[in-house]
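This is query_10.txt (compact mmCIF, C-alpha atoms and all ligand atoms).
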```
# COMPACT_ATOMS: atom_id res chain seq x y z
CA MET G 983 12.07 -18.13 37.23
CA SER G 984 15.01 -19.07 39.47
CA ASP G 985 12.94 -21.93 40.96
CA HIS G 986 12.86 -23.58 37.57
CA LEU G 987 16.55 -23.26 36.76
CA PRO G 988 19.03 -26.13 36.91
CA PRO G 989 21.73 -25.97 39.63
CA ALA G 990 24.10 -23.01 39.35
CA HIS G 991 26.90 -25.23 38.14
CA PRO G 992 25.34 -28.26 36.46
CA PRO G 993 27.93 -30.96 35.94
CA VAL G 994 29.25 -30.78 32.38
CA LYS G 995 27.47 -34.04 31.58
CA GLU G 996 24.09 -32.46 32.39
CA GLN G 997 24.63 -29.31 30.38
CA LYS G 998 22.56 -29.13 27.23
CA ILE G 999 22.88 -27.52 23.81
CA GLY G 1000 19.73 -25.82 22.49
CA VAL G 1001 19.01 -25.61 18.76
CA LEU G 1002 16.31 -22.99 18.29
CA LEU G 1003 14.63 -22.76 14.89
CA LEU G 1004 13.23 -19.25 14.33
CA ASN G 1005 10.56 -18.21 11.88
CA LEU G 1006 8.36 -15.19 11.38
CA GLY G 1007 5.13 -16.13 13.11
CA THR G 1008 1.48 -16.29 12.23
CA PRO G 1009 -1.89 -15.53 13.84
CA ASP G 1010 -3.37 -17.97 16.38
CA ALA G 1011 -6.70 -17.93 14.54
CA THR G 1012 -8.33 -16.24 11.55
CA ASP G 1013 -10.76 -13.94 13.41
CA TYR G 1014 -10.36 -10.18 13.34
CA TRP G 1015 -8.81 -9.82 16.81
CA SER G 1016 -6.31 -12.68 16.45
CA VAL G 1017 -5.08 -11.35 13.11
CA ARG G 1018 -5.05 -7.79 14.44
CA ARG G 1019 -2.92 -8.79 17.46
CA TYR G 1020 -0.41 -10.50 15.17
CA LEU G 1021 -0.28 -7.68 12.62
CA LYS G 1022 0.07 -5.06 15.35
CA GLU G 1023 3.14 -6.79 16.78
CA PHE G 1024 4.58 -7.40 13.31
CA LEU G 1025 3.96 -3.95 11.88
CA SER G 1026 5.15 -2.17 15.04
CA ASP G 1027 8.64 -3.61 14.52
CA PRO G 1028 10.97 -0.79 13.40
CA ARG G 1029 13.13 -3.39 11.59
CA VAL G 1030 10.12 -4.06 9.33
CA ILE G 1031 8.65 -0.58 9.06
CA GLU G 1032 11.32 2.11 8.84
CA THR G 1033 8.80 4.98 8.56
CA PRO G 1034 9.32 7.38 11.51
CA LYS G 1035 7.13 6.40 14.47
CA TRP G 1036 5.26 9.74 14.66
CA LEU G 1037 4.04 9.21 11.12
CA TRP G 1038 3.57 5.42 11.23
CA TRP G 1039 1.74 5.12 14.58
CA PRO G 1040 -1.49 6.94 13.56
CA LEU G 1041 -1.48 5.32 10.13
CA LEU G 1042 -1.07 1.84 11.62
CA ASN G 1043 -3.48 2.19 14.51
CA LEU G 1044 -6.18 4.31 12.88
CA VAL G 1045 -6.17 3.02 9.31
CA ILE G 1046 -4.26 -0.22 8.66
CA LEU G 1047 -5.31 -2.14 11.77
CA SER G 1048 -8.95 -1.32 11.17
CA VAL G 1049 -9.06 -2.80 7.65
CA ARG G 1050 -6.14 -5.19 7.10
CA PRO G 1051 -7.05 -7.83 9.75
CA GLN G 1052 -10.35 -8.54 8.00
CA LYS G 1053 -8.72 -8.86 4.58
CA SER G 1054 -5.79 -10.96 5.83
CA GLY G 1055 -8.11 -13.05 8.05
CA HIS G 1056 -10.12 -13.97 4.97
CA ALA G 1057 -6.92 -15.00 3.16
CA TYR G 1058 -5.72 -17.03 6.16
CA ALA G 1059 -9.11 -18.79 6.35
CA GLN G 1060 -8.59 -20.11 2.81
CA ILE G 1061 -5.33 -21.86 3.66
CA TRP G 1062 -5.96 -22.75 7.33
CA ASP G 1063 -5.04 -26.32 8.34
CA LYS G 1064 -8.40 -27.47 9.66
CA GLU G 1065 -7.15 -30.77 11.03
CA GLU G 1066 -4.50 -29.06 13.18
CA ASN G 1067 -6.60 -25.92 13.59
CA ALA G 1068 -3.48 -23.89 12.89
CA SER G 1069 -1.79 -21.82 10.24
CA PRO G 1070 0.33 -23.82 7.74
CA LEU G 1071 3.46 -21.91 8.78
CA LEU G 1072 3.03 -23.15 12.35
CA VAL G 1073 2.17 -26.71 11.32
CA ILE G 1074 5.19 -26.97 8.99
CA THR G 1075 7.62 -25.37 11.45
CA ARG G 1076 6.44 -27.86 14.09
CA LYS G 1077 7.08 -30.75 11.69
CA GLN G 1078 10.55 -29.39 10.82
CA THR G 1079 11.34 -29.21 14.53
CA ALA G 1080 10.17 -32.78 15.21
CA ALA G 1081 12.11 -34.09 12.19
CA LEU G 1082 15.31 -32.31 13.24
CA ALA G 1083 14.91 -33.53 16.84
CA GLU G 1084 14.68 -37.08 15.54
CA ARG G 1085 17.79 -36.60 13.41
CA MET G 1086 19.72 -35.23 16.41
CA ALA G 1087 18.44 -37.92 18.79
CA GLY G 1088 21.88 -39.58 18.83
CA HIS G 1089 23.07 -36.63 20.94
CA ASP G 1090 21.11 -36.83 24.18
CA ASN G 1091 22.45 -33.42 25.25
CA VAL G 1092 20.83 -31.62 22.29
CA VAL G 1093 17.40 -30.00 22.69
CA VAL G 1094 15.63 -28.90 19.48
CA ASP G 1095 12.74 -26.43 19.59
CA PHE G 1096 11.23 -23.56 17.58
CA ALA G 1097 9.96 -20.07 18.28
CA MET G 1098 8.36 -17.23 16.36
CA ARG G 1099 9.40 -13.58 16.06
CA TYR G 1100 5.75 -12.48 16.29
CA GLY G 1101 2.95 -14.38 18.02
CA ASN G 1102 3.28 -17.87 19.46
CA PRO G 1103 5.26 -19.72 20.63
CA SER G 1104 7.14 -16.56 21.53
CA THR G 1105 10.93 -16.37 21.44
CA LYS G 1106 10.87 -15.37 25.12
CA SER G 1107 8.86 -18.40 26.27
CA VAL G 1108 11.03 -20.88 24.38
CA LEU G 1109 14.38 -19.36 25.40
CA GLU G 1110 13.23 -19.43 29.05
CA LYS G 1111 12.18 -23.05 28.64
CA MET G 1112 15.57 -23.93 27.14
CA GLN G 1113 17.40 -22.28 30.00
CA ALA G 1114 15.22 -24.12 32.53
CA GLU G 1115 16.10 -27.37 30.75
CA GLY G 1116 19.80 -26.69 31.35
CA CYS G 1117 20.87 -25.31 27.97
CA THR G 1118 24.17 -23.52 28.50
CA LYS G 1119 24.81 -23.20 24.77
CA ILE G 1120 22.21 -22.10 22.23
CA LEU G 1121 22.32 -22.04 18.43
CA LEU G 1122 19.81 -19.60 16.92
CA VAL G 1123 18.69 -20.76 13.48
CA PRO G 1124 16.76 -18.05 11.60
CA LEU G 1125 15.07 -20.01 8.81
CA TYR G 1126 15.55 -17.32 6.17
CA PRO G 1127 17.85 -18.24 3.28
CA GLN G 1128 18.51 -14.60 2.34
CA ASN G 1129 19.69 -12.12 4.96
CA SER G 1130 17.52 -9.07 5.62
CA ALA G 1131 17.12 -6.58 8.44
CA THR G 1132 13.38 -7.30 8.19
CA THR G 1133 13.74 -11.01 8.91
CA THR G 1134 17.13 -12.42 10.02
CA ALA G 1135 18.16 -9.37 12.03
CA THR G 1136 14.89 -8.93 13.85
CA ALA G 1137 14.68 -12.66 14.68
CA ASN G 1138 18.11 -12.42 16.31
CA ASP G 1139 17.27 -9.05 17.94
CA LYS G 1140 14.30 -10.64 19.67
CA ALA G 1141 16.42 -13.48 21.05
CA PHE G 1142 19.04 -11.04 22.33
CA ASP G 1143 16.31 -8.83 23.86
CA VAL G 1144 15.24 -11.87 25.88
CA LEU G 1145 18.82 -12.73 26.84
CA LYS G 1146 19.18 -9.14 28.11
CA THR G 1147 16.64 -9.99 30.83
CA MET G 1148 18.54 -13.10 32.01
CA ARG G 1149 21.31 -13.01 34.59
CA ARG G 1150 22.67 -16.34 33.43
CA GLN G 1151 23.90 -16.12 29.89
CA PRO G 1152 24.13 -19.16 27.70
CA ALA G 1153 26.81 -19.08 25.02
CA VAL G 1154 25.07 -18.10 21.81
CA ARG G 1155 25.73 -18.64 18.13
CA THR G 1156 23.60 -17.50 15.20
CA MET G 1157 23.39 -19.44 11.99
CA PRO G 1158 24.19 -17.24 9.00
CA ALA G 1159 21.93 -16.77 6.00
CA TYR G 1160 22.39 -19.66 3.59
CA PHE G 1161 21.49 -18.09 0.23
CA GLU G 1162 24.69 -19.41 -1.43
CA ASP G 1163 25.33 -22.46 0.71
CA PRO G 1164 26.05 -25.31 -1.74
CA LYS G 1165 23.71 -27.60 0.22
CA TYR G 1166 20.83 -25.10 -0.12
CA ILE G 1167 21.53 -24.55 -3.82
CA GLU G 1168 21.65 -28.30 -4.44
CA THR G 1169 18.45 -28.92 -2.45
CA LEU G 1170 16.55 -26.06 -4.08
CA GLY G 1171 17.86 -27.06 -7.52
CA ASN G 1172 16.73 -30.67 -7.00
CA SER G 1173 13.29 -29.55 -5.85
CA ILE G 1174 12.91 -27.44 -9.02
CA ARG G 1175 14.20 -30.21 -11.31
CA ASP G 1176 11.94 -32.85 -9.69
CA GLY G 1177 8.99 -30.44 -9.43
CA VAL G 1178 9.19 -29.60 -13.13
CA ALA G 1179 9.73 -33.25 -14.15
CA ALA G 1180 6.52 -34.21 -12.33
CA LEU G 1181 4.38 -31.74 -14.32
CA ASP G 1182 2.21 -32.76 -17.24
CA PHE G 1183 3.51 -29.77 -19.24
CA GLU G 1184 6.91 -28.28 -20.00
CA PRO G 1185 7.10 -24.74 -18.56
CA ASP G 1186 8.32 -21.96 -20.86
CA LEU G 1187 9.64 -20.20 -17.78
CA VAL G 1188 10.35 -20.97 -14.11
CA ILE G 1189 9.75 -17.94 -11.85
CA THR G 1190 11.61 -17.61 -8.56
CA SER G 1191 9.36 -15.23 -6.62
CA TYR G 1192 10.96 -13.68 -3.52
CA HIS G 1193 9.20 -11.69 -0.80
CA GLY G 1194 9.66 -8.00 -1.62
CA MET G 1195 10.57 -4.93 0.44
CA PRO G 1196 10.59 -1.16 -0.13
CA VAL G 1197 13.35 -0.05 -2.54
CA THR G 1198 14.56 2.42 0.11
CA TYR G 1199 15.68 -0.52 2.29
CA LEU G 1200 17.98 -1.70 -0.51
CA GLU G 1201 19.25 1.85 -0.98
CA ARG G 1202 20.06 2.02 2.74
CA GLY G 1203 22.15 -1.13 2.46
CA ASP G 1204 19.93 -4.19 2.96
CA VAL G 1205 21.72 -7.07 1.20
CA TYR G 1206 18.55 -9.11 0.63
CA HIS G 1207 17.98 -8.07 -3.00
CA CYS G 1208 21.50 -9.09 -4.10
CA GLN G 1209 21.27 -12.38 -2.23
CA CYS G 1210 17.97 -13.25 -3.97
CA TYR G 1211 19.56 -12.72 -7.38
CA LYS G 1212 22.60 -14.76 -6.38
CA THR G 1213 20.46 -17.69 -5.21
CA THR G 1214 18.65 -17.82 -8.55
CA ARG G 1215 21.90 -17.53 -10.55
CA LEU G 1216 23.56 -20.32 -8.55
CA VAL G 1217 20.53 -22.57 -8.96
CA GLN G 1218 20.49 -21.90 -12.71
CA GLU G 1219 24.17 -22.85 -12.88
CA TYR G 1220 23.57 -25.96 -10.73
CA LEU G 1221 20.76 -27.08 -13.05
CA GLY G 1222 22.76 -26.20 -16.17
CA TRP G 1223 19.69 -24.48 -17.62
CA PRO G 1224 19.81 -21.51 -20.02
CA LYS G 1225 19.82 -18.14 -18.21
CA ASP G 1226 16.43 -17.13 -19.56
CA LYS G 1227 14.69 -20.27 -18.27
CA LEU G 1228 14.62 -18.78 -14.74
CA MET G 1229 13.41 -15.34 -13.71
CA VAL G 1230 13.51 -13.35 -10.45
CA THR G 1231 10.41 -11.48 -9.26
CA PHE G 1232 9.33 -9.90 -5.94
CA GLN G 1233 5.92 -10.40 -4.33
CA SER G 1234 3.76 -9.29 -1.38
CA ARG G 1235 3.82 -5.53 -1.97
CA PHE G 1236 2.44 -3.59 1.00
CA GLY G 1237 1.49 0.10 0.98
CA PRO G 1238 1.89 2.78 -1.66
CA THR G 1239 5.71 3.07 -1.83
CA LYS G 1240 7.93 1.59 -4.56
CA TRP G 1241 8.99 -1.97 -3.73
CA LEU G 1242 11.61 -4.17 -5.37
CA GLU G 1243 10.82 -4.91 -8.99
CA PRO G 1244 9.86 -6.76 -11.12
CA TYR G 1245 6.61 -7.38 -9.24
CA THR G 1246 5.37 -10.98 -9.30
CA ASP G 1247 1.71 -10.09 -9.89
CA LYS G 1248 2.42 -7.64 -12.72
CA THR G 1249 4.79 -10.16 -14.33
CA LEU G 1250 2.19 -12.95 -14.22
CA GLU G 1251 -0.32 -10.56 -15.78
CA ALA G 1252 2.05 -9.55 -18.59
CA LEU G 1253 3.66 -12.90 -19.52
CA PRO G 1254 0.82 -14.47 -21.56
CA GLY G 1255 0.73 -11.36 -23.79
CA LYS G 1256 4.42 -11.97 -24.54
CA GLY G 1257 3.77 -15.57 -25.57
CA VAL G 1258 4.84 -17.14 -22.24
CA LYS G 1259 1.79 -19.28 -21.49
CA LYS G 1260 3.18 -22.10 -19.35
CA VAL G 1261 4.92 -21.28 -16.09
CA ALA G 1262 6.12 -22.96 -12.93
CA ILE G 1263 6.72 -20.75 -9.91
CA LEU G 1264 8.38 -21.20 -6.53
CA ALA G 1265 9.23 -18.98 -3.55
CA PRO G 1266 12.85 -19.55 -2.43
CA ALA G 1267 12.81 -16.89 0.36
CA PHE G 1268 10.40 -19.03 2.38
CA SER G 1269 11.59 -22.10 4.25
CA ALA G 1270 7.97 -23.11 4.84
CA ASP G 1271 4.78 -22.62 2.89
CA CYS G 1272 2.60 -19.89 4.32
CA ILE G 1273 -0.02 -17.33 3.39
CA GLU G 1274 2.38 -15.62 0.99
CA THR G 1275 2.92 -18.77 -1.05
CA LEU G 1276 -0.27 -20.82 -0.62
CA GLU G 1277 -2.73 -17.95 -1.00
CA GLU G 1278 -0.86 -15.16 -2.77
CA ILE G 1279 1.03 -17.27 -5.31
CA SER G 1280 -0.73 -20.59 -5.62
CA MET G 1281 -4.27 -19.10 -5.57
CA GLU G 1282 -4.18 -15.40 -6.51
CA GLY G 1283 -1.14 -15.68 -8.78
CA ARG G 1284 -2.66 -18.63 -10.62
CA ASP G 1285 -5.94 -16.71 -11.20
CA THR G 1286 -4.04 -13.65 -12.44
CA PHE G 1287 -1.98 -15.69 -14.91
CA LEU G 1288 -4.87 -17.76 -16.27
CA GLU G 1289 -7.19 -14.75 -16.56
CA ALA G 1290 -4.50 -12.96 -18.57
CA GLY G 1291 -4.46 -15.81 -21.09
CA GLY G 1292 -1.94 -18.20 -19.52
CA GLU G 1293 -2.51 -21.91 -20.21
CA ASN G 1294 -0.58 -23.83 -17.54
CA PHE G 1295 0.45 -22.71 -14.08
CA ALA G 1296 2.19 -24.84 -11.44
CA TYR G 1297 3.32 -23.90 -7.95
CA ILE G 1298 6.38 -25.80 -6.67
CA PRO G 1299 6.18 -26.03 -2.83
CA CYS G 1300 8.82 -24.76 -0.41
CA LEU G 1301 11.35 -27.24 0.98
CA ASN G 1302 9.24 -27.55 4.17
CA ASP G 1303 9.91 -30.82 6.05
CA SER G 1304 10.69 -32.80 2.87
CA ALA G 1305 13.52 -35.33 3.17
CA GLY G 1306 15.78 -33.05 1.09
CA GLY G 1307 14.81 -29.95 3.07
CA MET G 1308 15.51 -31.71 6.36
CA ASP G 1309 18.84 -33.11 5.10
CA MET G 1310 19.77 -29.50 4.35
CA ILE G 1311 18.71 -28.11 7.75
CA GLU G 1312 20.43 -30.98 9.57
CA ASP G 1313 23.62 -30.49 7.56
CA MET G 1314 23.73 -26.73 8.21
CA VAL G 1315 22.93 -27.11 11.91
CA ARG G 1316 25.58 -29.79 12.43
CA ARG G 1317 28.17 -27.53 10.77
CA GLU G 1318 27.25 -24.63 13.09
CA LEU G 1319 27.45 -26.93 16.10
CA ALA G 1320 31.06 -27.87 15.31
CA GLY G 1321 33.12 -27.75 18.48
CA TRP G 1322 30.00 -27.88 20.67
CA LEU G 1323 28.84 -31.44 19.97
C1 LIG J 1 5.31 -4.36 5.48
C2 LIG J 1 6.50 -4.75 5.24
C3 LIG J 1 6.98 -6.15 5.10
C4 LIG J 1 8.30 -6.49 4.80
C5 LIG J 1 9.45 -5.57 4.54
C6 LIG J 1 8.36 -7.93 4.79
C7 LIG J 1 9.50 -8.69 4.49
C8 LIG J 1 9.59 -10.09 4.50
N1 LIG J 1 8.66 -10.98 4.98
C9 LIG J 1 9.08 -12.27 4.81
C10 LIG J 1 8.41 -13.44 5.18
C11 LIG J 1 7.05 -13.51 5.52
N2 LIG J 1 6.13 -12.49 5.50
C12 LIG J 1 4.89 -12.98 5.84
C13 LIG J 1 3.70 -12.25 5.96
C14 LIG J 1 3.60 -10.86 5.93
N3 LIG J 1 4.58 -9.95 5.57
C15 LIG J 1 4.11 -8.66 5.73
C16 LIG J 1 4.83 -7.47 5.54
C17 LIG J 1 6.22 -7.38 5.25
N4 LIG J 1 7.11 -8.40 5.08
C18 LIG J 1 2.75 -8.76 6.22
C19 LIG J 1 1.84 -7.59 6.54
C20 LIG J 1 2.44 -10.11 6.34
C21 LIG J 1 1.17 -10.73 6.94
C22 LIG J 1 0.25 -11.27 5.99
C23 LIG J 1 -0.59 -10.20 5.37
O1 LIG J 1 -1.30 -9.52 6.08
O2 LIG J 1 -0.46 -10.07 4.14
C24 LIG J 1 5.01 -14.39 6.07
C25 LIG J 1 3.88 -15.37 6.30
C26 LIG J 1 3.23 -15.41 7.65
C27 LIG J 1 2.10 -16.41 7.72
O3 LIG J 1 1.41 -16.34 8.71
O4 LIG J 1 1.85 -17.28 6.87
C28 LIG J 1 6.36 -14.72 5.90
C29 LIG J 1 7.01 -16.08 6.09
C30 LIG J 1 10.38 -12.21 4.21
C31 LIG J 1 11.22 -13.43 3.83
C32 LIG J 1 10.70 -10.87 4.01
C33 LIG J 1 11.95 -10.39 3.42
C34 LIG J 1 12.06 -9.37 2.65
FE FE J 2 6.50 -10.47 4.98
FE FE J 3 0.70 -11.35 0.82
```
Let me see the structure of the file written as C-alpha cells.
Ligand SMILES: C=CC1=C(C)c2cc3[nH]c(cc4nc(cc5[nH]c(cc1n2)c(C)c5CCC(=O)O)C(CCC(=O)O)=C4C)c(C)c3C=C
Ligand SMILES: [Fe+2]
Ligand SMILES: [Fe+2]
Amino acid sequence: MSDHLPPAHPPVKEQKIGVLLLNLGTPDATDYWSVRRYLKEFLSDPRVIETPKWLWWPLLNLVILSVRPQKSGHAYAQIWDKEENASPLLVITRKQTAALAERMAGHDNVVVDFAMRYGNPSTKSVLEKMQAEGCTKILLVPLYPQNSATTTATANDKAFDVLKTMRRQPAVRTMPAYFEDPKYIETLGNSIRDGVAALDFEPDLVITSYHGMPVTYLERGDVYHCQCYKTTRLVQEYLGWPKDKLMVTFQSRFGPTKWLEPYTDKTLEALPGKGVKKVAILAPAFSADCIETLEEISMEGRDTFLEAGGENFAYIPCLNDSAGGMDMIEDMVRRELAGWL
C-alpha cells in the first residue's frame, strides 16, 4: 500500500478532499451464489441482526442462506438493468456520483466517489483509493435520510473499521441524517406534488412507505421510526395538504418477529375495502430505487392493491439522480464541507 501513497507531506496545494457517497449495496449478479454472498455479508452484520450470534448463526447458515438467495435472485432478475448488467441501486448510485462530481468540478481538489456497505465497490477499496489519491480530508455521506443503527451507523462503522487499519489518518466528517433538512423536505415535497400532478387520476391517498425494522430495535432506542413520521409530517405541512391525505407505512418485513406497523402490504390489501381505491405511493427512506421499491412496491404492492379491488395505483420514484435530488445532495454536501473548501 505504501508504494501507492502520495508523499508523506504533500504540499497543501496537492492535498485533496474526498466526498464518499455510501449506500447499502447489492449483489453483483442474480445467480444463487452472487445473491448468497451478498446476503451472507449483509445478514451477518450485528447492526442489522441483533439476535444473539449463537442463535442466529445456525439459522442463517443452515436455513435462510439455503432458500432466500433463490427467492431474492428471482426478484432481482425482474428489475435488473440489462443494458448496464447491474442492479438498479448500483446504476443509480453511479449516476449520482458522476452528477455530483460534475457539480463539484469547480474545485479541482475535490474527489467524489461512492462505496457500498455490503458487496462492491467495497468501502475498504474506495477509502484506500482515496488515500492513494492524496485525500487528507474525507466527508462520509451515508445516503439514508432517516438515521438508523441498521443503515447510517453501520455505513460509518465500516468506514471507521477501514481507517483503523491505516497508519495515516485523514480528517473525517460524517454527514448527518437529513430527515428534517428543509432542502430534503422541499425536494421530496416537490417530487410528490409533481408526481401526483402528472397522474391521470387524483389519488384518494398518498402512502409514504418506509423500510421497516423489528419493533424491538425501536424499543431499544433506534430513532428511525420517529424520524420517518417527522419526515411525512413536515412534507404534509410543506405541501399544505390535509393530514389524512398522507399516510405512513413500513415495508420489507423479514422473519417471524413483529416489525414496525402499519405494514405496507397489509395496508394495500385493506384500503380498497375501506373505499380507498386510488393511491399513489413513494418510499422516502430510499435515496435510490432498488429491489425494495421497484419489485416490492411497484410490482408486488401494485398487484396486491389491484387484486384487493383497488382501481388506480401509481408508484412515485425515489429522488435518484433527478435534477432536484442532485441539487439537494450538492447543497447538503457543500454545507458539510464548510471550512474545508
Ligand atoms: C433483516 C433485517 C433488515 C433490516 C433491519 C433492514 C433495514 C433497512 N434496510 C434499508 C435499505 C435497504 N434494504 C435493502 C434490501 C434488504 N434489506 C434486508 C433486510 C433488512 N433491512 C434484506 C434481506 C434485503 C435484501 C433484499 C432481499 O433479500 O429482500 C435495500 C436494497 C438493496 C438492493 O440491492 O436493491 C435497501 C436500499 C433501510 C433504509 C433500512 C432501515 C430501517
Ligand atoms: Fe433493508
Ligand atoms: Fe423486500
Checklist line | All residues 7 Å or closer to region 1054-1060 of chain G, all atoms listed in the file, same chain fewer than 5 positions away omitted, as a PyMOL selection string | finding: chain G and resi 1012-1014+1017+1273+1277
Checklist line | Protein and nucleic acid residues within 8 Å of ligand LIG 1 (chain J) (only C-alpha atoms and all ligand atoms) as a count of residues only | finding: 43
Check: Restricting the calculation to only C-alpha atoms, which member of G:Ala1141, G:Ala1011, G:Ile1279, G:Ala1114 is positioned closest to Lys1064 (chain G)?
Finding: G:Ala1011
Check: Near region 1280-1286 of chain G, within 9 Å and counting only C-alpha atoms, which residues show up once chain neighbours fewer than 6 positions away are dropped, as a PyMOL selection string?
Finding: chain G and resi 1246-1248+1250-1251+1263+1274+1292+1294-1298
Got time to write the residues from that selection, C-alpha atoms, as a PDB file, in the coordinates of the input?
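And here's selection06.pdb as it stands now:
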```pdb
ATOM      1  CA  THR G1246       5.370 -10.980  -9.300  1.00  0.00           C
ATOM      2  CA  ASP G1247       1.710 -10.090  -9.890  1.00  0.00           C
ATOM      3  CA  LYS G1248       2.420  -7.640 -12.720  1.00  0.00           C
ATOM      4  CA  LEU G1250       2.190 -12.950 -14.220  1.00  0.00           C
ATOM      5  CA  GLU G1251      -0.320 -10.560 -15.780  1.00  0.00           C
ATOM      6  CA  ILE G1263       6.720 -20.750  -9.910  1.00  0.00           C
ATOM      7  CA  GLU G1274       2.380 -15.620   0.990  1.00  0.00           C
ATOM      8  CA  GLY G1292      -1.940 -18.200 -19.520  1.00  0.00           C
ATOM      9  CA  ASN G1294      -0.580 -23.830 -17.540  1.00  0.00           C
ATOM     10  CA  PHE G1295       0.450 -22.710 -14.080  1.00  0.00           C
ATOM     11  CA  ALA G1296       2.190 -24.840 -11.440  1.00  0.00           C
ATOM     12  CA  TYR G1297       3.320 -23.900  -7.950  1.00  0.00           C
ATOM     13  CA  ILE G1298       6.380 -25.800  -6.670  1.00  0.00           C
TER      14      ILE G1298
END
```
Within 10 Å of region 988-1002 of chain G: each region 1025-1084 of chain G residue with its shortest pair, all atoms listed in the file, as JSON lines:
```
{"residue": "G:Thr1079", "atom": "CA", "partner": "G:Leu1002", "partner_atom": "CA", "distance": 8.8}
{"residue": "G:Leu1082", "atom": "CA", "partner": "G:Val1001", "partner_atom": "CA", "distance": 9.4}
{"residue": "G:Ala1083", "atom": "CA", "partner": "G:Val1001", "partner_atom": "CA", "distance": 9.1}
```
Restricting the output to C-alpha atoms, write the selected residues as an mmCIF file, in the frame of the given file.
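result-v3.cif, freshly written:
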```cif
data_model
loop_
_atom_site.group_PDB
_atom_site.id
_atom_site.type_symbol
_atom_site.label_atom_id
_atom_site.label_comp_id
_atom_site.auth_asym_id
_atom_site.auth_seq_id
_atom_site.Cartn_x
_atom_site.Cartn_y
_atom_site.Cartn_z
ATOM 1 C CA THR G 1079 11.340 -29.210 14.530
ATOM 2 C CA LEU G 1082 15.310 -32.310 13.240
ATOM 3 C CA ALA G 1083 14.910 -33.530 16.840
#
```
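Computed from the coordinates, the CA of Asp1010 (chain G) to CA of Lys1111 (chain G) distance equals 20.4 Å.
Of note, CA of Arg1029 (chain G) and CA of Pro1124 (chain G) are spaced 15.1 Å apart.
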Checklist line | Neighbour list for Leu1170 (chain G) as an MDAnalysis selection string, cut-off 8 Å, only C-alpha atoms, skip fewer than 4 positions in-chain | finding: chainID G and resid 1166 1174 1217 1266 1301
Checklist line | Interatomic distance, CA of Glu1201 (chain G) to CA of Ala1265 (chain G) (Å, one decimal) | finding: 23.3 Å
Next item on the list: Can you work out which one of G:Leu1276, G:Val1315, G:Ala1262, G:Ala1252 has the shortest atom-to-atom distance to Phe1183 (chain G), counting all atoms listed in the file?
Entry: G:Ala1262
Margin query: I need every residue sitting at most 10 Å from the point (25.2, -23.2, 24.1) (coordinates as in the file, all atoms listed in the file considered), written as a list in words.
Written below: Gln997, Lys998, Ile999, Gly1000, Val1001, Val1092, Gln1113, Gly1116, Cys1117, Thr1118, Lys1119, Ile1120, Leu1121, Leu1122, Gln1151, Pro1152, Ala1153, Val1154, Arg1155, Leu1319, Trp1322 and Leu1323 of chain G
Notebook entry, point to check: Which one is closest to Gly1307 (chain G): G:Ile1074, G:Leu1253, G:Val1049, G:Leu1109? Count only C-alpha atoms.
Noted result: G:Ile1074
Could region 1200-1212 of chain G be completed with N, CA and C atoms and written as a PDB file, keeping the file's coordinate frame, please?
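This is the output file part_21.pdb:
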```
ATOM      1  N   LEU G1200      16.807  -1.318   0.295  1.00  0.00           N
ATOM      2  CA  LEU G1200      17.980  -1.700  -0.510  1.00  0.00           C
ATOM      3  C   LEU G1200      18.943  -0.520  -0.587  1.00  0.00           C
ATOM      4  N   GLU G1201      18.406   0.656  -0.844  1.00  0.00           N
ATOM      5  CA  GLU G1201      19.250   1.850  -0.980  1.00  0.00           C
ATOM      6  C   GLU G1201      20.005   2.163   0.316  1.00  0.00           C
ATOM      7  N   ARG G1202      19.389   1.784   1.452  1.00  0.00           N
ATOM      8  CA  ARG G1202      20.060   2.020   2.740  1.00  0.00           C
ATOM      9  C   ARG G1202      21.018   0.888   3.105  1.00  0.00           C
ATOM     10  N   GLY G1203      21.107  -0.121   2.252  1.00  0.00           N
ATOM     11  CA  GLY G1203      22.150  -1.130   2.460  1.00  0.00           C
ATOM     12  C   GLY G1203      21.686  -2.540   2.781  1.00  0.00           C
ATOM     13  N   ASP G1204      20.376  -2.813   2.696  1.00  0.00           N
ATOM     14  CA  ASP G1204      19.930  -4.190   2.960  1.00  0.00           C
ATOM     15  C   ASP G1204      20.427  -5.097   1.831  1.00  0.00           C
ATOM     16  N   VAL G1205      21.073  -6.206   2.202  1.00  0.00           N
ATOM     17  CA  VAL G1205      21.720  -7.070   1.200  1.00  0.00           C
ATOM     18  C   VAL G1205      20.766  -8.098   0.574  1.00  0.00           C
ATOM     19  N   TYR G1206      19.526  -8.083   1.039  1.00  0.00           N
ATOM     20  CA  TYR G1206      18.550  -9.110   0.630  1.00  0.00           C
ATOM     21  C   TYR G1206      18.396  -9.237  -0.891  1.00  0.00           C
ATOM     22  N   HIS G1207      18.211  -8.083  -1.557  1.00  0.00           N
ATOM     23  CA  HIS G1207      17.980  -8.070  -3.000  1.00  0.00           C
ATOM     24  C   HIS G1207      19.098  -8.788  -3.763  1.00  0.00           C
ATOM     25  N   CYS G1208      20.350  -8.485  -3.404  1.00  0.00           N
ATOM     26  CA  CYS G1208      21.500  -9.090  -4.100  1.00  0.00           C
ATOM     27  C   CYS G1208      21.543 -10.591  -3.821  1.00  0.00           C
ATOM     28  N   GLN G1209      21.208 -10.966  -2.588  1.00  0.00           N
ATOM     29  CA  GLN G1209      21.270 -12.380  -2.230  1.00  0.00           C
ATOM     30  C   GLN G1209      20.190 -13.184  -2.962  1.00  0.00           C
ATOM     31  N   CYS G1210      19.034 -12.566  -3.202  1.00  0.00           N
ATOM     32  CA  CYS G1210      17.970 -13.250  -3.970  1.00  0.00           C
ATOM     33  C   CYS G1210      18.474 -13.541  -5.385  1.00  0.00           C
ATOM     34  N   TYR G1211      19.054 -12.520  -6.022  1.00  0.00           N
ATOM     35  CA  TYR G1211      19.560 -12.720  -7.380  1.00  0.00           C
ATOM     36  C   TYR G1211      20.646 -13.780  -7.409  1.00  0.00           C
ATOM     37  N   LYS G1212      21.499 -13.786  -6.385  1.00  0.00           N
ATOM     38  CA  LYS G1212      22.600 -14.760  -6.380  1.00  0.00           C
ATOM     39  C   LYS G1212      22.054 -16.179  -6.229  1.00  0.00           C
TER      40      LYS G1212
END
```
